[in-house]
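The structure appears below as structure tokens.
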Amino acid sequence: MVPSHARVVIIGGGVMGCGLAYHLAHEGWTDVVLLEKAELTSGSTWHAAGQITHSTSSFALGKCVGYNIDLYSKVLEEETGQSVTWHGCGSLRLAYTEDEMDWLYQTISVGKGLGFPMEMVGPDRIRELHPFYNLDGVKAALHTPDDGHVDPAGAAFALAKGARQLGVKVIRQCRATNVTQDASGEWLVETEQGDITCEHVVNAGGTYARQMALWSGYDLPTTSMTHHYLITDTVPEFEALDAELPVVRDDRLVSGYIRMEQKSGLIGIYEKSNPNTVWEDHCPWDAEHELFEPDYDRIMPWLENAMDRMPVLSELGIKRAVHGAISHPPDGNPLIGPAPGLRNYWCCCGTQIGIGWGPGLTRELARWMVHGAADINMREFDPRRFGPYADHAYQIAKAKEDYLLRHEIPFPHFNRLDARPVKPSALYDDLNAAGAVFEEVFGHERPRWFAPEGVEAKDIYGFRRTALHDIVGAEVRAVRERAGIMDISAFSKIEVSGPDAAGFLDALVPNRLPSAPGRIALTHLLTEGGRIELEMTIVRLAEDRFYLVCAAFFEQRLADYLTFARAAQNVTITNRSTEWGAFALNGPLAREILSACTDADLSNAGFPWMTARMIRVGGHDLWAFRMSYAGELGWEIHGPRDAILAGFRAVRAAGKAHGLTNYGSFAMNAMRMEKGFKGAGELTNEVTLPEADVMRFVRMDKAFRGKTATETALSKPLRWTCAYLEVEDDGTSDGNGGEAVLSEGRQVGTVSSIAFGHAVGKLLAFAYVKADYAAHGTPLEVVVMGTPRRARILTSPAYDPENALPRTDARAVAAQ
């Protein structure tokens with residue numbers, strides 16, 4: 001029988017559910033029940049290939065991978081006595097083109113910061129490590145010697161056993177049939193063996209995760225895709241080998257991997273056309289150890305390539321074909337964290353590579369549940385990165401797209417174009433006609449750059465500088481020298497109003513609220529443990545009306561934070577993120593351009609810095625905020641969709657004579673780096689306010705959520721601090737974030753953001769470094785594209801360090 005109550009109920013007994021049970025127990029929560037409808041691992045886990053590699057360009061996933069390899073190879077079997085059959089054979093990721101070479105160099109830049117053993121090797125060394133691979137056309141490979149593969153079922157069984165040893169109840173052959181939340185906030189999990197009331201419920205349902213989430217009113221964005229791997233007959237050439245060959249990842253020709261499986265060959269393929277979905281609406285409850293008939297026609301081009309690459313396999317038969325279902329979220333990243341809008345409902349699913357990523361991700365989820373924050377940045381895994389726009393049709397289209405991209409080069413800022421546009425702003429058509437290249441941010445279409453005459457409005461990719469470098473530079477210079485206009489409608493925009501609105505917000509934020517209508521303040525929201533949830537701007541529109549603005553991808557996080565914090569207060573929370581639009585006008589001619597569109601007094605006396613006014617533009621009353629993320633004289637204009645379009649067109653018309661230029665998010669990012677403005681990459685759940693060096697926005701003489709933890713952080717030496725760096729510029733490449741920061745060859749930090757500042761001609765970065773290395777003048781190096789470059793800490797913004805331009809008439813200042 002199931003217990004009537006538990007602190008946590010985990011539904012799903014694959015590697016993700018078992019991993020979370022294990023790590024919750026290790027974090028001190030043992031009143032945990034793990035439910036599995038059949039046998040442990042009988043969903044997707046049992047048929048996984050079980051591989052894991054240090055080769056990742058994601059710093060957060062790299063943290064997980066490093067932990068997982070240590071766990072499988074050293075810890076888990078010793079702790080539990082359960083065999084996991086670790087094969088530490090190493091890996092080779094091949095490069096045939098210069099772009100693939102650059103990808104591997106970027107991987108090394110991240111890997112050095114994580115302490116991973118890896119090196120680039122040429123064809124001669126590849127041949128020594130793997131004498132049976134056809135190296136025609138291969139330039140080099142990334143060798144990661146500590147990689148390997150593991151028995152998937154054994155690994156999950158070991159995690160489950162470790163959880164049981166610490167007191168977790170694992171109940172098999174017990175299907176959950178419904179999950180609902182009662183008025184008290186507790187969750188009722190109905191099962192075939194009785195009901196369990198719990199404080200926290202976790203969806204670790206794998207291919208069942210979406211239909212399980214629908215019980216609770218949540219359309220969880222994941223789709224089941226099928227993937228093949230094939231095992232050949234015994235390979236005679238393998239029988240004499242004393243050591244196992246490294247796994248070969250051939251992204252270009254095989255679109256997958258080839259390795260030894262005992263003395264046979266194993267070929268895994270992610271075909272690059274005609275991806276196959278299954279169970280789009282419902283995974284059968286009686287599916288257990290489910291496989292599908294192999295579809296050789298679908299995979300044949302890549303299977304033929306695999307045989308060409310490994311001639312020793314080409315004359316052998318296939319003794320086993322594994323064609324099973326794997327969950328794919330729309331962007332390929334797992335769904336790890338809170339479900340949007342549901343308190344204490346956690347997602348632990350959507351993981352394409354459960355064996356390779358799962359234990360590290362579940363460790364961080366356990367920390368999040370127990371301590372209120374994970375120890376790595378969870379932004380790319382947070383389920384709240386998707387909103388209601390991610391409907392069923394979108395989910396399927398994006399999952400297919402993700403499958404096809406599984407073995408493509410992950411270029412910086414790679415733009416996934418299927419099922420677009422999703423939520424075009426009111427300005428979309430005008431900007432599209434002007435040559436905008438858009439990106440999707442929480443469903444919104446935001447311009448990233450504009451194609452000048454003679455250039456196709458199409459993404460330009462590369463790890464090194466491309467033609468896009470000069471295009472973005474021209475946008476930056478236009479803003480700095482004249483004026484630029486940008487669609488910022490994608491920002492999250494939430495209104496908090498009512499008699500208790502001021503008291504409600506003041507108890508949450510560490511800065512003072514704007515003191516009067518028309519005032520603006522920058523502040524943060526924290527966890528109880530003092531970690532940063534997000535940064536936001538608060539505009540006081542009236543005594544009892546506040547307008548909150550933050551980055552687009554934090555929309556659901558902000559909405560949930562406010563909703564869950566509201567108790568009995570007379571407060572109304574209204575999400576205006578889609579129904580309102582906004583644009584920014586920045587540059588020394590901004591006042592002159594805006595003055596031509598309004599009768600409002602835009603002088604410094606009539607409209608001071610960091611204040612807000614309702615002004616009439618384009619025949620409509622719109623909110624104007626005097627602030628600038630570009631660090632120039634400027635305003636943000638906000639209002640309803642129809643009105644914002646008229647205002648935008650009026651400003652564009654007025655600016656034509658002054659050289660007003662469209663600019664996008666790439667130029668905006670370059671300018672915020674020039675101004676030393678921290679962004680979402682710096683202000684994460686990993687850090688506290690003192691570590692982020694944003695205490696100037698904090699008032700310790702007032703109450704706020706997370707204050708006690710902030711006081712504790714201030715009383716101790718900092719683990720690390722956010723440093724602002726100038727990095728040696730080689731004129732060819734700028735990095736992509738996640739790069740290692742070194743001091744005398746030792747890793748002392750990691751880059752969080754890096755971009756070229758076109759107005760100052762410098763490569764600029766933010767990095768979290770050990771506090772002892774954050775002093776001005778400390779010699780540092782940043783590993784960019786695998787090569788260390790000199791870096792120095794800057795103590796003031798590279799552009800306009802006195803911050804004079806936004807506060808005054810910039811033309812007058814420039815003339816002095």
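Starting from 1 in every chain, residues are counted up; chains themselves are A, B, ... following the order of the structure tokens, and ligands are numbered from 1 as listed.
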
Q: Can you check which residues of range 443-544 of chain A DSSP gives as strand (DSSP E or B) on the backbone and send them as a PyMOL selection string?
A: chain A and resi 444-450+484-487+492-497+519-526+531-542

Q. Neighbours of Phe59 in chain A within 10 Å (only C-alpha atoms; same-chain residues fewer than 6 positions away dropped), as a ChimeraX atom specification?
A. /A:65,107,110-111,113-114,376-377,737-740,750-752

Please produce, as a tab-separated table, a per-residue contact table for range 356-474 of chain A versus range 552-567 of chain A (criterion: any atom at most 9 Å away, only C-alpha atoms considered), showing the nearest atom pair and its distance in Å to one decimal, sorted by chain then residue number.
```
residue	atom	partner	partner_atom	distance
A:Arg379	CA	A:Phe553	CA	8.7
A:Arg384	CA	A:Gln556	CA	5.7
A:Arg385	CA	A:Phe553	CA	5.7
A:Phe386	CA	A:Phe553	CA	8.1
A:Gly387	CA	A:Gln556	CA	7.2
A:Val441	CA	A:Ala552	CA	6.2
A:Phe442	CA	A:Phe553	CA	5.2
A:Gly443	CA	A:Ala552	CA	9.0
A:His444	CA	A:Ala552	CA	8.1
```

Q: Could you give me, as a count of residues only, the residues within 12 Å of Ala390 in chain A, counting only C-alpha atoms and dropping anything in the same chain fewer than 3 positions from it?
A: 31

(Q) My list of candidates is A:Gly761, A:Pro152, A:Gly185, A:Gly43. Which is closest to Glu288 in chain A when distances are computed with only C-alpha atoms? (A)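 Comparing A:Gly761, A:Pro152, A:Gly185, A:Gly43 against Glu288 in chain A, the winner is A:Gly43.
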
Q. If you count only C-alpha atoms, which residues fall within 8 Å of Met225 in chain A, apart from same-chain ones fewer than 3 positions away, as a list of chain:residue names?
A.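 The neighbour list is A:Pro275, A:Asn276, A:Thr277, A:Val278, A:Ala325, A:Ile326, A:Ser327, A:His328, A:Ala399, A:Lys400, A:Tyr403.
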
Output of the above residues as a short mmCIF file (atom, residue, chain, number, x, y, z; two decimals), in the first residue's frame, restricted to N, CA and C atoms:
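See result-v3.cif below for the written result:
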```cif
data_model
loop_
_atom_site.label_atom_id
_atom_site.label_comp_id
_atom_site.auth_asym_id
_atom_site.auth_seq_id
_atom_site.Cartn_x
_atom_site.Cartn_y
_atom_site.Cartn_z
N PRO A 275 11.92 13.42 -39.70
CA PRO A 275 11.89 12.95 -38.31
C PRO A 275 10.53 12.36 -37.97
N ASN A 276 10.54 11.43 -37.05
CA ASN A 276 9.33 10.65 -36.76
C ASN A 276 8.84 10.90 -35.33
N THR A 277 7.59 11.34 -35.20
CA THR A 277 6.95 11.47 -33.89
C THR A 277 6.07 10.27 -33.62
N VAL A 278 5.86 10.00 -32.35
CA VAL A 278 4.90 8.98 -31.93
C VAL A 278 4.13 9.52 -30.72
N ALA A 325 11.39 5.60 -28.35
CA ALA A 325 10.91 6.98 -28.22
C ALA A 325 11.69 7.74 -27.16
N ILE A 326 11.99 9.00 -27.46
CA ILE A 326 12.69 9.90 -26.55
C ILE A 326 11.96 11.24 -26.56
N SER A 327 11.85 11.87 -25.40
CA SER A 327 11.14 13.16 -25.29
C SER A 327 12.01 14.31 -25.78
N HIS A 328 11.41 15.19 -26.56
CA HIS A 328 12.10 16.38 -27.06
C HIS A 328 11.27 17.62 -26.73
N ALA A 399 9.76 20.20 -31.90
CA ALA A 399 10.45 18.96 -31.55
C ALA A 399 11.08 18.33 -32.79
N LYS A 400 10.36 18.36 -33.90
CA LYS A 400 10.93 17.85 -35.15
C LYS A 400 12.15 18.66 -35.55
N TYR A 403 15.08 17.73 -33.33
CA TYR A 403 15.67 16.43 -33.68
C TYR A 403 16.63 16.57 -34.86
#
```

(Q) What parts of range 546-713 of chain A does DSSP call alpha helix (DSSP H)? I'd like the answer as a PyMOL selection string. (A) chain A and resi 555-565+590-595+641-655+665-674+689-692+707-713

Given only C-alpha atoms, how would the per-residue table for range 308-374 of chain A near range 259-274 of chain A read, listing every residue at most 12 Å away with its closest atom pair and distance in Å to one decimal, sorted by chain and number, as JSON lines?
```
{"residue": "A:Arg309", "atom": "CA", "partner": "A:Ile267", "partner_atom": "CA", "distance": 11.1}
{"residue": "A:Met310", "atom": "CA", "partner": "A:Gly265", "partner_atom": "CA", "distance": 9.3}
{"residue": "A:Pro311", "atom": "CA", "partner": "A:Gly265", "partner_atom": "CA", "distance": 11.2}
{"residue": "A:Val312", "atom": "CA", "partner": "A:Gly265", "partner_atom": "CA", "distance": 9.1}
{"residue": "A:Leu313", "atom": "CA", "partner": "A:Gly265", "partner_atom": "CA", "distance": 6.9}
{"residue": "A:Ser314", "atom": "CA", "partner": "A:Gly265", "partner_atom": "CA", "distance": 10.3}
{"residue": "A:Glu315", "atom": "CA", "partner": "A:Gly265", "partner_atom": "CA", "distance": 11.8}
{"residue": "A:Leu316", "atom": "CA", "partner": "A:Gly265", "partner_atom": "CA", "distance": 9.4}
{"residue": "A:Gly317", "atom": "CA", "partner": "A:Gly265", "partner_atom": "CA", "distance": 10.3}
{"residue": "A:Ile318", "atom": "CA", "partner": "A:Gly265", "partner_atom": "CA", "distance": 9.2}
{"residue": "A:Lys319", "atom": "CA", "partner": "A:Ser264", "partner_atom": "CA", "distance": 9.4}
{"residue": "A:Arg320", "atom": "CA", "partner": "A:Leu266", "partner_atom": "CA", "distance": 9.5}
{"residue": "A:Ala321", "atom": "CA", "partner": "A:Ile267", "partner_atom": "CA", "distance": 9.7}
{"residue": "A:Val322", "atom": "CA", "partner": "A:Gly268", "partner_atom": "CA", "distance": 9.3}
{"residue": "A:His323", "atom": "CA", "partner": "A:Gly268", "partner_atom": "CA", "distance": 10.0}
{"residue": "A:Gly324", "atom": "CA", "partner": "A:Gly268", "partner_atom": "CA", "distance": 11.7}
{"residue": "A:Ile326", "atom": "CA", "partner": "A:Tyr270", "partner_atom": "CA", "distance": 11.7}
{"residue": "A:Gln352", "atom": "CA", "partner": "A:Tyr270", "partner_atom": "CA", "distance": 11.9}
```

File of the preceding selection, N, CA and C atoms, as a PDB file, in the first residue's frame:
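Once everything was written out, this is result29.pdb:
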```pdb
ATOM      1  N   ARG A 309      32.415   5.032 -43.286  1.00  0.00           N
ATOM      2  CA  ARG A 309      33.368   5.546 -42.298  1.00  0.00           C
ATOM      3  C   ARG A 309      34.019   4.419 -41.499  1.00  0.00           C
ATOM      4  N   MET A 310      33.268   3.329 -41.287  1.00  0.00           N
ATOM      5  CA  MET A 310      33.802   2.185 -40.531  1.00  0.00           C
ATOM      6  C   MET A 310      33.713   0.936 -41.417  1.00  0.00           C
ATOM      7  N   PRO A 311      34.632   0.789 -42.340  1.00  0.00           N
ATOM      8  CA  PRO A 311      34.556  -0.332 -43.293  1.00  0.00           C
ATOM      9  C   PRO A 311      34.498  -1.696 -42.624  1.00  0.00           C
ATOM     10  N   VAL A 312      35.044  -1.835 -41.401  1.00  0.00           N
ATOM     11  CA  VAL A 312      35.026  -3.145 -40.745  1.00  0.00           C
ATOM     12  C   VAL A 312      33.609  -3.562 -40.373  1.00  0.00           C
ATOM     13  N   LEU A 313      32.647  -2.628 -40.434  1.00  0.00           N
ATOM     14  CA  LEU A 313      31.260  -2.968 -40.131  1.00  0.00           C
ATOM     15  C   LEU A 313      30.444  -3.250 -41.385  1.00  0.00           C
ATOM     16  N   SER A 314      30.989  -2.897 -42.539  1.00  0.00           N
ATOM     17  CA  SER A 314      30.152  -2.826 -43.743  1.00  0.00           C
ATOM     18  C   SER A 314      29.660  -4.174 -44.238  1.00  0.00           C
ATOM     19  N   GLU A 315      30.362  -5.261 -43.956  1.00  0.00           N
ATOM     20  CA  GLU A 315      29.949  -6.579 -44.445  1.00  0.00           C
ATOM     21  C   GLU A 315      29.234  -7.398 -43.384  1.00  0.00           C
ATOM     22  N   LEU A 316      28.953  -6.782 -42.251  1.00  0.00           N
ATOM     23  CA  LEU A 316      28.345  -7.523 -41.146  1.00  0.00           C
ATOM     24  C   LEU A 316      26.836  -7.350 -41.132  1.00  0.00           C
ATOM     25  N   GLY A 317      26.168  -8.292 -40.517  1.00  0.00           N
ATOM     26  CA  GLY A 317      24.729  -8.189 -40.334  1.00  0.00           C
ATOM     27  C   GLY A 317      24.385  -7.351 -39.119  1.00  0.00           C
ATOM     28  N   ILE A 318      23.133  -6.935 -39.047  1.00  0.00           N
ATOM     29  CA  ILE A 318      22.614  -6.211 -37.884  1.00  0.00           C
ATOM     30  C   ILE A 318      21.893  -7.226 -36.999  1.00  0.00           C
ATOM     31  N   LYS A 319      22.406  -7.419 -35.813  1.00  0.00           N
ATOM     32  CA  LYS A 319      21.769  -8.429 -34.951  1.00  0.00           C
ATOM     33  C   LYS A 319      20.717  -7.838 -34.026  1.00  0.00           C
ATOM     34  N   ARG A 320      20.718  -6.507 -33.888  1.00  0.00           N
ATOM     35  CA  ARG A 320      19.690  -5.896 -33.047  1.00  0.00           C
ATOM     36  C   ARG A 320      19.483  -4.462 -33.495  1.00  0.00           C
ATOM     37  N   ALA A 321      18.234  -4.081 -33.656  1.00  0.00           N
ATOM     38  CA  ALA A 321      17.880  -2.699 -33.979  1.00  0.00           C
ATOM     39  C   ALA A 321      17.019  -2.148 -32.846  1.00  0.00           C
ATOM     40  N   VAL A 322      17.464  -1.058 -32.257  1.00  0.00           N
ATOM     41  CA  VAL A 322      16.727  -0.410 -31.167  1.00  0.00           C
ATOM     42  C   VAL A 322      16.141   0.874 -31.733  1.00  0.00           C
ATOM     43  N   HIS A 323      14.830   0.947 -31.767  1.00  0.00           N
ATOM     44  CA  HIS A 323      14.115   2.103 -32.319  1.00  0.00           C
ATOM     45  C   HIS A 323      13.084   2.507 -31.272  1.00  0.00           C
ATOM     46  N   GLY A 324      13.473   3.426 -30.404  1.00  0.00           N
ATOM     47  CA  GLY A 324      12.634   3.784 -29.276  1.00  0.00           C
ATOM     48  C   GLY A 324      12.322   5.262 -29.217  1.00  0.00           C
ATOM     49  N   ILE A 326      11.989   8.999 -27.459  1.00  0.00           N
ATOM     50  CA  ILE A 326      12.695   9.902 -26.550  1.00  0.00           C
ATOM     51  C   ILE A 326      11.962  11.238 -26.559  1.00  0.00           C
ATOM     52  N   GLN A 352      16.408  14.628 -23.437  1.00  0.00           N
ATOM     53  CA  GLN A 352      16.818  13.780 -24.561  1.00  0.00           C
ATOM     54  C   GLN A 352      17.902  12.793 -24.165  1.00  0.00           C
TER      55      GLN A 352
END
```
